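Undergrad: Sharing model_18.cif, mmCIF, C-alpha atoms and all ligand atoms:
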```cif
data_target
loop_
_atom_site.label_atom_id
_atom_site.label_comp_id
_atom_site.auth_asym_id
_atom_site.auth_seq_id
_atom_site.Cartn_x
_atom_site.Cartn_y
_atom_site.Cartn_z
CA MET A 1 -35.40 -24.05 1.67
CA ARG A 2 -37.27 -26.05 4.33
CA ASP A 3 -35.72 -24.27 7.29
CA LYS A 4 -37.79 -21.12 7.22
CA GLN A 5 -35.95 -19.49 10.12
CA VAL A 6 -32.60 -19.66 8.35
CA GLU A 7 -34.13 -18.86 4.97
CA LYS A 8 -35.61 -15.68 6.39
CA LEU A 9 -32.20 -14.56 7.65
CA ILE A 10 -30.51 -15.35 4.34
CA LYS A 11 -33.15 -13.36 2.47
CA ALA A 12 -32.79 -10.44 4.87
CA GLU A 13 -29.00 -10.44 4.42
CA GLU A 14 -29.44 -10.61 0.65
CA LYS A 15 -31.70 -7.55 0.80
CA ARG A 16 -29.21 -5.69 2.99
CA GLN A 17 -26.41 -6.44 0.55
CA ASN A 18 -28.52 -5.46 -2.46
CA GLU A 19 -29.83 -2.19 -1.06
CA GLY A 20 -26.71 -0.92 0.69
CA LEU A 21 -23.22 -0.03 -0.46
CA GLU A 22 -20.38 -2.18 0.82
CA LEU A 23 -17.24 -0.21 1.53
CA ILE A 24 -15.53 -2.58 3.97
CA PRO A 25 -12.30 -3.00 1.98
CA SER A 26 -11.95 -6.68 2.86
CA GLU A 27 -15.40 -7.63 1.57
CA ASN A 28 -16.62 -8.38 -1.92
CA TYR A 29 -19.30 -10.26 -3.86
CA VAL A 30 -18.64 -13.66 -5.38
CA SER A 31 -20.09 -15.00 -8.61
CA GLU A 32 -22.93 -17.46 -8.80
CA ASP A 33 -20.39 -20.09 -9.92
CA VAL A 34 -18.26 -19.58 -6.81
CA LEU A 35 -21.37 -19.89 -4.63
CA LYS A 36 -22.42 -23.01 -6.49
CA ALA A 37 -19.03 -24.69 -6.06
CA ASN A 38 -18.98 -23.67 -2.40
CA GLY A 39 -22.38 -25.27 -1.87
CA SER A 40 -21.53 -28.38 -3.89
CA VAL A 41 -21.42 -32.05 -2.84
CA PHE A 42 -17.71 -31.72 -2.11
CA THR A 43 -19.08 -30.52 1.26
CA ASN A 44 -19.69 -34.18 2.05
CA LYS A 45 -16.14 -35.38 1.52
CA TYR A 46 -13.25 -35.96 3.91
CA SER A 47 -9.81 -35.81 2.25
CA GLU A 48 -7.08 -35.65 4.89
CA GLY A 49 -3.71 -35.49 3.18
CA TYR A 50 -2.73 -34.15 -0.21
CA PRO A 51 -3.38 -35.24 -3.82
CA GLY A 52 -2.10 -38.76 -4.30
CA ARG A 53 -1.59 -39.37 -0.57
CA ARG A 54 -4.90 -39.28 1.28
CA TYR A 55 -5.97 -41.17 4.36
CA TYR A 56 -9.57 -41.90 3.26
CA GLY A 57 -11.04 -43.69 0.27
CA GLY A 58 -13.25 -42.21 -2.43
CA GLN A 59 -10.79 -39.58 -3.61
CA ASP A 60 -11.53 -40.05 -7.31
CA PHE A 61 -12.29 -36.38 -7.88
CA THR A 62 -10.79 -34.52 -4.91
CA ASP A 63 -7.22 -35.01 -6.14
CA ALA A 64 -7.99 -33.58 -9.56
CA LEU A 65 -9.83 -30.68 -7.95
CA GLU A 66 -7.06 -29.75 -5.53
CA ARG A 67 -4.43 -30.10 -8.28
CA LEU A 68 -6.46 -27.79 -10.50
CA ALA A 69 -6.71 -25.14 -7.76
CA ILE A 70 -2.96 -25.39 -7.12
CA GLU A 71 -2.08 -25.19 -10.81
CA ARG A 72 -4.25 -22.11 -11.32
CA VAL A 73 -3.03 -20.20 -8.29
CA CYS A 74 0.64 -20.95 -9.06
CA LYS A 75 0.15 -19.61 -12.56
CA LEU A 76 -1.53 -16.46 -11.25
CA PHE A 77 1.20 -15.61 -8.76
CA LYS A 78 4.14 -17.03 -10.71
CA CYS A 79 5.28 -19.46 -8.03
CA LYS A 80 6.19 -23.14 -7.84
CA PHE A 81 4.24 -24.35 -4.82
CA ALA A 82 0.86 -23.66 -3.26
CA ASN A 83 -1.13 -24.98 -0.36
CA VAL A 84 -4.83 -24.30 -0.96
CA GLN A 85 -6.11 -25.94 2.21
CA PRO A 86 -5.93 -23.14 4.85
CA HIS A 87 -9.40 -22.45 6.19
CA SER A 88 -8.61 -18.74 6.20
CA GLY A 89 -5.89 -16.12 6.62
CA ALA A 90 -5.21 -16.63 10.33
CA PRO A 91 -4.54 -20.39 9.99
CA ALA A 92 -2.45 -19.66 6.89
CA ASN A 93 -0.20 -17.34 8.87
CA LEU A 94 -0.12 -19.64 11.89
CA ALA A 95 0.92 -22.54 9.66
CA VAL A 96 3.86 -20.57 8.25
CA TYR A 97 5.06 -19.73 11.77
CA PHE A 98 4.57 -23.32 12.88
CA ALA A 99 6.42 -24.63 9.83
CA LEU A 100 9.46 -22.40 10.09
CA LEU A 101 9.90 -21.31 13.71
CA ASN A 102 10.77 -22.82 17.05
CA PRO A 103 9.11 -21.47 20.18
CA GLY A 104 10.75 -18.17 21.11
CA ASP A 105 11.95 -17.40 17.58
CA VAL A 106 11.48 -13.85 16.37
CA VAL A 107 9.18 -12.45 13.66
CA LEU A 108 9.54 -8.83 12.56
CA GLY A 109 6.19 -7.53 11.31
CA MET A 110 4.22 -4.34 10.87
CA ASP A 111 2.79 -2.76 14.01
CA LEU A 112 -0.98 -3.25 14.28
CA SER A 113 -1.61 0.43 14.95
CA HIS A 114 0.36 1.32 11.81
CA GLY A 115 -1.65 -1.00 9.57
CA GLY A 116 -0.49 -4.53 10.45
CA HIS A 117 -2.81 -7.40 11.32
CA LEU A 118 -3.74 -9.17 14.55
CA THR A 119 -2.05 -12.35 13.31
CA HIS A 120 1.25 -10.46 13.00
CA GLY A 121 1.79 -10.67 16.73
CA HIS A 122 -1.01 -9.09 18.74
CA PRO A 123 -0.40 -10.15 22.37
CA MET A 124 -3.80 -11.84 22.64
CA THR A 125 -3.16 -14.26 19.76
CA LEU A 126 -1.80 -17.80 19.96
CA PRO A 127 1.31 -17.08 17.84
CA ALA A 128 2.27 -14.27 20.22
CA LYS A 129 2.20 -16.76 23.13
CA ILE A 130 4.64 -19.03 21.29
CA TYR A 131 6.91 -16.76 19.25
CA LYS A 132 8.40 -13.34 19.82
CA PHE A 133 7.09 -10.54 17.63
CA VAL A 134 8.84 -7.24 17.14
CA THR A 135 7.39 -4.53 14.98
CA TYR A 136 8.29 -1.82 12.53
CA LYS A 137 6.23 1.29 11.84
CA MET A 138 5.69 4.13 9.39
CA LYS A 139 8.29 6.85 9.54
CA ASN A 140 5.61 9.45 9.02
CA PRO A 141 1.88 8.60 9.14
CA ASP A 142 1.19 11.56 6.87
CA THR A 143 3.18 10.07 3.99
CA GLY A 144 2.89 6.41 4.93
CA GLU A 145 6.55 5.72 4.22
CA ILE A 146 7.82 2.77 6.22
CA ASP A 147 10.79 3.45 8.47
CA TYR A 148 13.17 1.12 6.64
CA GLU A 149 16.17 2.32 8.60
CA ASP A 150 14.52 1.27 11.84
CA LEU A 151 13.34 -1.96 10.24
CA ARG A 152 16.96 -2.78 9.39
CA LYS A 153 18.15 -1.76 12.83
CA GLN A 154 15.62 -4.07 14.46
CA ALA A 155 16.46 -6.89 12.07
CA LEU A 156 20.15 -6.59 13.00
CA GLU A 157 19.32 -6.44 16.71
CA TYR A 158 16.67 -9.20 16.98
CA LYS A 159 17.80 -11.51 14.15
CA PRO A 160 14.24 -12.50 13.13
CA LYS A 161 13.70 -15.83 11.40
CA ILE A 162 10.84 -14.26 9.43
CA ILE A 163 10.44 -10.72 8.16
CA LEU A 164 6.80 -10.13 7.44
CA ALA A 165 5.43 -7.57 5.02
CA GLY A 166 1.71 -7.10 4.87
CA PHE A 167 -1.19 -5.25 6.33
CA SER A 168 -4.91 -4.87 6.73
CA ALA A 169 -5.09 -1.10 7.12
CA TYR A 170 -2.25 0.41 5.11
CA SER A 171 -2.89 2.32 1.92
CA ARG A 172 0.56 2.84 0.47
CA THR A 173 3.09 0.76 -1.45
CA LEU A 174 5.67 -1.38 0.31
CA ASP A 175 9.20 -1.50 -1.05
CA TYR A 176 9.52 -5.27 -1.28
CA LYS A 177 13.11 -5.04 -2.54
CA LYS A 178 14.16 -3.32 0.67
CA PHE A 179 12.51 -6.05 2.75
CA VAL A 180 14.36 -8.72 0.79
CA GLU A 181 17.70 -6.90 1.05
CA ILE A 182 17.37 -6.58 4.82
CA ALA A 183 16.19 -10.17 5.21
CA ARG A 184 19.15 -11.46 3.20
CA GLU A 185 21.51 -9.43 5.39
CA VAL A 186 20.24 -11.18 8.53
CA GLY A 187 19.37 -14.57 7.02
CA ALA A 188 15.59 -14.21 7.48
CA ILE A 189 12.83 -15.72 5.38
CA THR A 190 10.53 -13.17 3.73
CA MET A 191 6.80 -13.60 4.07
CA ALA A 192 4.18 -11.29 2.55
CA ASP A 193 0.65 -11.37 3.92
CA MET A 194 -1.12 -10.04 0.86
CA ALA A 195 -4.68 -10.84 1.98
CA HIS A 196 -6.00 -7.40 1.11
CA ILE A 197 -4.35 -6.90 -2.26
CA ALA A 198 -3.75 -10.44 -3.55
CA GLY A 199 -6.40 -10.01 -6.23
CA ILE A 200 -4.91 -6.74 -7.41
CA ILE A 201 -1.49 -8.40 -7.60
CA ALA A 202 -2.87 -11.43 -9.46
CA GLY A 203 -4.64 -9.09 -11.87
CA GLY A 204 -1.33 -7.32 -12.56
CA ALA A 205 -2.20 -3.86 -11.20
CA LEU A 206 0.06 -4.01 -8.13
CA ARG A 207 3.55 -5.41 -7.79
CA ASN A 208 4.01 -9.09 -6.95
CA PRO A 209 6.38 -9.56 -3.96
CA PHE A 210 7.66 -12.75 -5.64
CA ASP A 211 9.08 -10.58 -8.43
CA ASP A 212 11.34 -8.98 -5.82
CA GLY A 213 12.41 -12.30 -4.34
CA PHE A 214 9.94 -12.87 -1.48
CA ASP A 215 9.90 -16.48 -0.30
CA ILE A 216 6.29 -16.87 0.84
CA ILE A 217 2.93 -15.19 0.24
CA THR A 218 -0.12 -15.86 2.39
CA SER A 219 -3.57 -14.60 1.60
CA THR A 220 -7.24 -15.02 2.13
CA THR A 221 -9.25 -15.85 -0.96
CA HIS A 222 -12.38 -13.82 -0.31
CA LYS A 223 -11.24 -10.20 -0.54
CA THR A 224 -9.97 -8.77 -3.82
CA LEU A 225 -9.55 -12.34 -5.13
CA ARG A 226 -13.36 -12.53 -5.07
CA GLY A 227 -13.46 -16.17 -4.02
CA PRO A 228 -14.89 -18.12 -1.09
CA ARG A 229 -13.86 -17.47 2.50
CA GLY A 230 -10.56 -19.31 2.71
CA GLY A 231 -6.79 -19.05 2.67
CA ILE A 232 -3.73 -19.95 0.61
CA ILE A 233 0.00 -20.21 1.22
CA LEU A 234 2.29 -19.77 -1.77
CA THR A 235 6.00 -20.58 -1.92
CA ARG A 236 8.03 -19.01 -4.72
CA GLU A 237 10.56 -21.78 -5.34
CA ASN A 238 11.94 -23.42 -2.21
CA GLU A 239 10.62 -26.97 -2.06
CA GLU A 240 11.91 -27.57 1.44
CA ILE A 241 9.88 -24.63 2.76
CA ALA A 242 6.80 -25.75 0.81
CA LYS A 243 7.02 -29.26 2.27
CA LYS A 244 7.29 -27.90 5.80
CA ILE A 245 4.24 -25.70 5.17
CA ASP A 246 2.20 -28.65 3.89
CA LYS A 247 3.03 -30.58 7.06
CA ALA A 248 2.18 -27.59 9.21
CA ILE A 249 -1.28 -27.29 7.66
CA PHE A 250 -1.97 -31.03 7.79
CA PRO A 251 -1.56 -32.64 10.23
CA GLY A 252 -0.05 -29.65 12.04
CA ILE A 253 -2.99 -27.36 12.61
CA GLN A 254 -5.88 -28.57 10.45
CA GLY A 255 -7.72 -31.82 9.86
CA GLY A 256 -9.71 -32.49 6.71
CA PRO A 257 -9.53 -29.82 4.03
CA HIS A 258 -12.80 -28.17 3.03
CA MET A 259 -13.00 -29.55 -0.48
CA HIS A 260 -16.11 -27.54 -1.32
CA THR A 261 -14.15 -24.36 -0.51
CA ILE A 262 -11.24 -25.61 -2.61
CA ALA A 263 -13.70 -26.13 -5.48
CA ALA A 264 -14.86 -22.53 -5.06
CA LYS A 265 -11.25 -21.31 -4.84
CA ALA A 266 -10.50 -23.06 -8.16
CA VAL A 267 -13.49 -21.34 -9.78
CA ALA A 268 -12.42 -17.95 -8.42
CA PHE A 269 -8.84 -18.44 -9.63
CA GLY A 270 -10.25 -19.25 -13.06
CA GLU A 271 -12.20 -15.99 -13.03
CA VAL A 272 -9.10 -14.06 -11.95
CA MET A 273 -7.31 -15.34 -15.07
CA THR A 274 -9.70 -13.54 -17.41
CA PRO A 275 -9.02 -10.17 -19.14
CA LYS A 276 -12.22 -8.86 -17.56
CA TYR A 277 -10.72 -9.33 -14.12
CA LYS A 278 -7.61 -7.36 -15.09
CA LYS A 279 -9.88 -4.45 -15.99
CA TYR A 280 -11.73 -4.88 -12.70
CA VAL A 281 -8.61 -4.52 -10.53
CA LYS A 282 -7.39 -1.49 -12.48
CA GLN A 283 -10.77 0.12 -11.87
CA ILE A 284 -10.54 -0.62 -8.11
CA LEU A 285 -7.42 1.57 -8.01
CA LYS A 286 -8.91 4.34 -10.14
CA ASN A 287 -11.97 4.35 -7.92
CA SER A 288 -10.06 4.71 -4.67
CA LYS A 289 -8.09 7.59 -6.24
CA ALA A 290 -11.40 9.26 -7.08
CA MET A 291 -12.50 8.95 -3.44
CA GLU A 292 -9.09 10.18 -2.24
CA LYS A 293 -9.51 13.32 -4.34
CA VAL A 294 -12.81 14.17 -2.66
CA LEU A 295 -11.34 13.68 0.80
CA HIS A 296 -8.39 15.92 -0.09
CA LYS A 297 -10.75 18.58 -1.37
CA ASN A 298 -12.64 18.46 1.92
CA ASN A 299 -9.47 18.56 4.03
CA ILE A 300 -10.07 15.16 5.56
CA ARG A 301 -6.82 13.75 6.86
CA MET A 302 -5.88 10.39 5.41
CA ILE A 303 -3.29 8.19 7.07
CA GLY A 304 -0.50 7.80 4.55
CA GLY A 305 -1.69 11.00 2.92
CA GLY A 306 -3.83 9.12 0.40
CA THR A 307 -3.92 5.74 -1.26
CA ASP A 308 -2.04 3.56 -3.74
CA ASN A 309 -4.35 0.61 -3.33
CA HIS A 310 -8.01 -0.22 -2.70
CA LEU A 311 -8.37 1.34 0.74
CA ILE A 312 -8.41 4.63 2.58
CA LEU A 313 -7.90 5.17 6.29
CA ALA A 314 -9.36 8.52 7.29
CA ASP A 315 -8.91 10.37 10.55
CA VAL A 316 -12.53 11.48 10.92
CA PHE A 317 -12.14 12.42 14.57
CA GLY A 318 -9.20 14.72 13.87
CA SER A 319 -10.79 16.18 10.75
CA LEU A 320 -14.49 16.41 11.62
CA GLY A 321 -14.75 15.74 15.35
CA VAL A 322 -16.78 12.58 14.63
CA THR A 323 -15.39 9.42 16.23
CA GLY A 324 -14.82 6.28 14.18
CA LYS A 325 -17.65 4.50 15.96
CA GLU A 326 -20.08 7.37 15.44
CA ALA A 327 -19.10 7.50 11.78
CA GLN A 328 -19.60 3.76 11.32
CA ILE A 329 -23.06 3.92 12.93
CA VAL A 330 -24.28 7.01 11.13
CA LEU A 331 -23.05 5.75 7.75
CA ASP A 332 -24.78 2.44 8.39
CA GLU A 333 -27.99 4.42 8.87
CA VAL A 334 -27.71 5.81 5.35
CA GLY A 335 -26.85 2.42 3.83
CA ILE A 336 -23.05 2.61 3.68
CA THR A 337 -21.13 -0.13 5.46
CA LEU A 338 -17.53 0.42 6.51
CA ASN A 339 -15.52 -0.07 9.67
CA MET A 340 -14.11 2.07 12.43
CA ASN A 341 -10.36 1.73 12.68
CA SER A 342 -7.53 2.86 14.94
CA ILE A 343 -5.01 5.15 13.34
CA ALA A 344 -1.27 5.49 14.03
CA GLY A 345 -0.75 7.24 17.34
CA ASP A 346 -4.46 7.03 18.16
CA THR A 347 -5.34 8.44 21.56
CA ARG A 348 -8.78 6.82 21.45
CA LYS A 349 -9.68 3.21 22.30
CA PRO A 350 -10.01 0.47 19.59
CA LEU A 351 -13.77 0.20 20.19
CA ASP A 352 -14.22 3.90 19.52
CA PRO A 353 -11.14 4.97 17.57
CA SER A 354 -10.39 8.09 15.55
CA GLY A 355 -10.53 6.53 12.11
CA ILE A 356 -12.66 4.80 9.54
CA ARG A 357 -11.39 2.36 6.94
CA PHE A 358 -13.13 1.96 3.62
CA GLY A 359 -12.39 0.77 0.12
CA THR A 360 -13.57 0.11 -3.40
CA PRO A 361 -13.40 -3.65 -4.20
CA ALA A 362 -17.10 -4.38 -3.67
CA ILE A 363 -18.56 -1.26 -5.29
CA THR A 364 -16.22 -1.76 -8.24
CA THR A 365 -17.62 -5.28 -8.64
CA ARG A 366 -21.04 -3.61 -8.86
CA GLY A 367 -19.77 -1.53 -11.77
CA PHE A 368 -19.05 1.78 -10.06
CA LYS A 369 -16.61 4.05 -11.89
CA GLU A 370 -14.78 7.17 -10.70
CA LYS A 371 -17.87 9.38 -11.01
CA GLU A 372 -20.04 7.24 -8.73
CA CYS A 373 -17.20 6.70 -6.25
CA ALA A 374 -16.57 10.42 -5.96
CA TYR A 375 -20.29 10.93 -5.41
CA VAL A 376 -20.34 8.29 -2.65
CA ALA A 377 -17.39 10.04 -0.96
CA GLU A 378 -19.31 13.35 -1.14
CA LEU A 379 -22.36 11.68 0.40
CA MET A 380 -20.23 10.16 3.16
CA ILE A 381 -18.79 13.52 4.10
CA LYS A 382 -22.21 15.16 3.97
CA THR A 383 -23.56 12.46 6.29
CA LEU A 384 -20.74 12.93 8.78
CA LYS A 385 -21.13 16.70 8.74
CA ASN A 386 -24.88 16.33 9.34
CA LYS A 387 -24.86 13.30 11.58
CA ASP A 388 -27.73 14.55 13.77
CA ASP A 389 -29.95 15.82 10.97
CA LYS A 390 -32.60 13.18 10.33
CA LYS A 391 -33.95 14.80 7.19
CA ILE A 392 -30.59 15.09 5.46
CA LYS A 393 -29.75 11.53 6.41
CA GLU A 394 -33.03 10.27 4.99
CA SER A 395 -32.42 12.00 1.69
CA ILE A 396 -28.88 10.59 1.53
CA HIS A 397 -30.22 7.11 2.27
CA LYS A 398 -32.60 7.48 -0.68
CA GLU A 399 -29.69 8.44 -2.94
CA ILE A 400 -27.70 5.41 -1.78
CA LYS A 401 -30.62 3.10 -2.43
CA LYS A 402 -31.04 4.61 -5.88
CA LEU A 403 -27.36 4.03 -6.67
CA ALA A 404 -27.54 0.48 -5.38
CA LYS A 405 -30.56 -0.21 -7.57
CA LYS A 406 -28.84 1.26 -10.61
CA PHE A 407 -25.82 -1.02 -10.04
CA PRO A 408 -27.16 -4.43 -9.04
CA ILE A 409 -24.72 -7.01 -7.68
CA PRO A 410 -23.64 -9.05 -10.72
CA LYS A 411 -24.05 -12.80 -10.69
CA ARG A 412 -21.55 -13.64 -13.41
CA PHE A 413 -18.08 -12.27 -14.02
CA VAL A 414 -17.14 -14.31 -17.10
N1 LIG B 501 -10.95 -8.97 8.86
C1 LIG B 501 -10.04 -8.68 7.78
C2 LIG B 501 -10.02 -7.23 7.44
O1 LIG B 501 -11.07 -6.65 7.48
O2 LIG B 501 -8.99 -6.69 7.11
C3 LIG B 501 -8.67 -9.19 8.00
O3 LIG B 501 -8.59 -9.97 9.09
#
```
Write the structure described by the file as structure tokens, please.

TA:
Amino acid sequence: MRDKQVEKLIKAEEKRQNEGLELIPSENYVSEDVLKANGSVFTNKYSEGYPGRRYYGGQDFTDALERLAIERVCKLFKCKFANVQPHSGAPANLAVYFALLNPGDVVLGMDLSHGGHLTHGHPMTLPAKIYKFVTYKMKNPDTGEIDYEDLRKQALEYKPKIILAGFSAYSRTLDYKKFVEIAREVGAITMADMAHIAGIIAGGALRNPFDDGFDIITSTTHKTLRGPRGGIILTRENEEIAKKIDKAIFPGIQGGPHMHTIAAKAVAFGEVMTPKYKKYVKQILKNSKAMEKVLHKNNIRMIGGGTDNHLILADVFGSLGVTGKEAQIVLDEVGITLNMNSIAGDTRKPLDPSGIRFGTPAITTRGFKEKECAYVAELMIKTLKNKDDKKIKESIHKEIKKLAKKFPIPKRFV
């Protein structure tokens, strides 16, 4: 690379990723092929519109590429329609709202402090300025069960146009059938934001909301799907909804699609179709169970009482007297990256909350099995219990580096 300043930063980031362990549950490593497609000459191309109806010339190969990505993702999720143009998860969600709602219409989604996402109605977001968001919560944060009775009550009271299932910090299983039943009762459309677990669903290890009758799924493509940073919107079977969503993406909220990202999405979807990927997602779940077991053994409180998916939300302040921010910093020092996170009913502020959120997608990509994951959980707890002991932290850092070296980040998945 001729730009030495940027090259130096890329190399430094590469070293950080190689030598540390990535436990942020929304991060992962992509294959060399995904990187190659993402850095391909499709970067140079403008393609406003959709296959067969573009506004610029020179679309000899973009149409075939976008059709391929659509065909693959529809096959993976068993749906009829897909829009593969969203630049990421937030525009994907915004586009669904824009497509289906009028200003002031109601969306019923999961409360942020109970695991929902900013784009599900946080007051500082654009959608929250335009539409009305009401929220449902867990009945009991120690079991993670959603309060479906209250969800129904709110649905009957507020008559939402969209009922939204989905999360970024929830570790249990949602009862999609119940969502659909309630939505049908009040005439709402069902939307599942599956950004965190889309890959696990596509790989067959978690239930697909479409199998229970959900209308729409949105997702990012870079988490468990192990693709480029991007988004998708899937529609199970309703063509009218799919057409509205296409219009909402372009020209509604986006201009030219990023065809290089769509190329990388197509490659990632191809990788997700392989038997190897199915094994990978099963192992993600086994690995988070192994970490859960260690936390249980050490009496660390987990929100939801444990995990059914790839992530764990632990109340480190309540259990160890270490705040989420302190935990994030001290774990970073020993080479483990994760993120501080608010927990349900948190009395602390979001920038120094009570919890940490971590997960297994990235370390599973590296080849970690239950044994290594349990060991990492032990090392995490040891670090937190000895957060001011330089010597112990140094020895843990050495262990982490050793593990990272033993399990290099793979470049090929197929
Ligand atoms: N930032 C992503 C996450 O970490 O969950 C979702 O927005």

Undergrad: Could you tell me, as a VMD selection string, which residues have any atom at most 9 Å from (13.5, -7.9, 12.9), counting only C-alpha atoms?

TA: chain A and resid 106 to 109 133 to 136 151 to 164 183 186 188

Undergrad: For A:Ala268, which residue out of A:Cys79, A:Ile343, A:Ile130, A:Leu225 is the nearest one, using only C-alpha atoms?

TA: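 Of A:Cys79, A:Ile343, A:Ile130, A:Leu225, the one nearest A:Ala268 is A:Leu225, counting only C-alpha atoms.
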
Undergrad: Using all atoms listed in the file, determine which residues fall within 8 Å of ligand LIG 501 (chain B), then list them as a short mmCIF file (atom, residue, chain, number, x, y, z; two decimals) with C-alpha atoms, in the coordinates of the input.

TA:
```
data_model
loop_
_atom_site.label_atom_id
_atom_site.label_comp_id
_atom_site.auth_asym_id
_atom_site.auth_seq_id
_atom_site.Cartn_x
_atom_site.Cartn_y
_atom_site.Cartn_z
CA ILE A 24 -15.53 -2.58 3.97
CA PRO A 25 -12.30 -3.00 1.98
CA SER A 26 -11.95 -6.68 2.86
CA GLU A 27 -15.40 -7.63 1.57
CA GLY A 89 -5.89 -16.12 6.62
CA ALA A 90 -5.21 -16.63 10.33
CA HIS A 117 -2.81 -7.40 11.32
CA LEU A 118 -3.74 -9.17 14.55
CA PHE A 167 -1.19 -5.25 6.33
CA SER A 168 -4.91 -4.87 6.73
CA ALA A 169 -5.09 -1.10 7.12
CA ALA A 195 -4.68 -10.84 1.98
CA HIS A 196 -6.00 -7.40 1.11
#
```

Undergrad: What lies within 9 Å of A:Gln283 using all atoms listed in the file, ignoring chain neighbours under 5 positions off, as a CSV table (one decimal) with C-alpha atoms, in the frame of the given file?

TA:
```csv
chain,number,residue,atom,x,y,z
A,278,LYS,CA,-7.6,-7.4,-15.1
A,288,SER,CA,-10.1,4.7,-4.7
A,360,THR,CA,-13.6,0.1,-3.4
A,361,PRO,CA,-13.4,-3.6,-4.2
A,364,THR,CA,-16.2,-1.8,-8.2
A,368,PHE,CA,-19.0,1.8,-10.1
A,369,LYS,CA,-16.6,4.0,-11.9
A,370,GLU,CA,-14.8,7.2,-10.7
```

Undergrad: Would you mind reading off the distance between atom CA of A:Ala404 and atom CA of A:Asn28, one decimal, in Å?

TA: 14.5 Å

Undergrad: Figure out the distance between atom CA of A:Ile300 and atom CA of A:Thr119, please, to one decimal in Å.

TA: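 Taking atom CA of A:Thr119 and atom CA of A:Ile300, their separation equals 29.7 Å.
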
Undergrad: Could you give me the centre and size, in Å to one decimal, of an axis-aligned box around all listed atoms of stretch 105-114 of chain A with 6 Å added on every side, as AutoDock Vina command-line options?

TA:
```
--center_x 5.2 --center_y -8.0 --center_z 14.2 --size_x 25.6 --size_y 30.7 --size_z 18.7
```

Undergrad: Measure the distance from atom CA of A:Ile312 to atom CA of A:Arg366 in Å and round it to one decimal.

TA: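 That distance, rounded to one decimal, is 18.9 Å.
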
Undergrad: Of the candidates A:Met124, A:Glu372, A:Val334, A:Thr218, which shows the shortest atom-to-atom distance to A:Lys390, using all atoms listed in the file?

TA: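 Between A:Met124, A:Glu372, A:Val334, A:Thr218, the residue approaching A:Lys390 most closely is A:Val334.
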
Undergrad: Can you list, as a count of residues only, every protein, DNA or RNA residue that comes within 12 Å of A:Glu399 when you count all atoms listed in the file, leaving out same-chain residues fewer than 2 positions away?

TA: 25

Undergrad: Tell me which of A:Ala327, A:Val34, A:Val281, A:Ala290 sits closest to A:Leu206, counting only C-alpha atoms.

TA: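 Nearest to A:Leu206: A:Val281.
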
Undergrad: Measuring between all atoms listed in the file, which one of A:Ala377, A:Asn339, A:Asp346, A:Ile262 shows the shortest distance to A:Gly39?

TA: A:Ile262

Undergrad: Return the single residue from A:Leu68, A:Arg236, A:Ile409, A:Leu285 that is closest to A:Cys373, with distances computed using all atoms listed in the file.

TA: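 For A:Cys373, the nearest of the given residues is A:Leu285.
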
Undergrad: Taking all atoms listed in the file into account, which of A:Lys243, A:Arg67, A:His114, A:Arg72 comes nearest A:Gly304?

TA: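 The closest residue to A:Gly304 is A:His114.
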
Undergrad: Give me, as a list in words, all polymer residues having an atom no more than 9 Å from A:Gln254, counting all atoms listed in the file and skipping those fewer than 4 positions away in the same chain.

TA: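 Near A:Gln254, the qualifying residues are Gln85, Pro86, His87, Pro91, Ala248, Ile249 and Phe250 of chain A.
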
Undergrad: Just want the 9 Å neighbourhood of A:Glu145, counted on all atoms listed in the file, with same-chain residues fewer than 4 positions away dropped. Output as a ChimeraX atom specification.

TA: /A:137-141,172-174,304

Undergrad: So which residues touch stretch 69-71 of chain A within 9 Å, counting all atoms listed in the file, skipping near sequence neighbours fewer than 3 positions away, as a list in words?

TA: Ala64, Leu65, Glu66, Cys74, Lys75, Leu76, Phe81, Ala82, Asn83, Val84, Ile262, Ala263, Ala264, Lys265, Ala266, Val267, Phe269 and Gly270 of chain A

Undergrad: Okay, now the selection with C-alpha atoms, as a PDB file, in the frame of the given file?

TA:
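Resulting contents of part_29.pdb:
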```
ATOM      1  CA  ALA A  64      -7.990 -33.580  -9.560  1.00  0.00           C
ATOM      2  CA  LEU A  65      -9.830 -30.680  -7.950  1.00  0.00           C
ATOM      3  CA  GLU A  66      -7.060 -29.750  -5.530  1.00  0.00           C
ATOM      4  CA  CYS A  74       0.640 -20.950  -9.060  1.00  0.00           C
ATOM      5  CA  LYS A  75       0.150 -19.610 -12.560  1.00  0.00           C
ATOM      6  CA  LEU A  76      -1.530 -16.460 -11.250  1.00  0.00           C
ATOM      7  CA  PHE A  81       4.240 -24.350  -4.820  1.00  0.00           C
ATOM      8  CA  ALA A  82       0.860 -23.660  -3.260  1.00  0.00           C
ATOM      9  CA  ASN A  83      -1.130 -24.980  -0.360  1.00  0.00           C
ATOM     10  CA  VAL A  84      -4.830 -24.300  -0.960  1.00  0.00           C
ATOM     11  CA  ILE A 262     -11.240 -25.610  -2.610  1.00  0.00           C
ATOM     12  CA  ALA A 263     -13.700 -26.130  -5.480  1.00  0.00           C
ATOM     13  CA  ALA A 264     -14.860 -22.530  -5.060  1.00  0.00           C
ATOM     14  CA  LYS A 265     -11.250 -21.310  -4.840  1.00  0.00           C
ATOM     15  CA  ALA A 266     -10.500 -23.060  -8.160  1.00  0.00           C
ATOM     16  CA  VAL A 267     -13.490 -21.340  -9.780  1.00  0.00           C
ATOM     17  CA  PHE A 269      -8.840 -18.440  -9.630  1.00  0.00           C
ATOM     18  CA  GLY A 270     -10.250 -19.250 -13.060  1.00  0.00           C
TER      19      GLY A 270
END
```
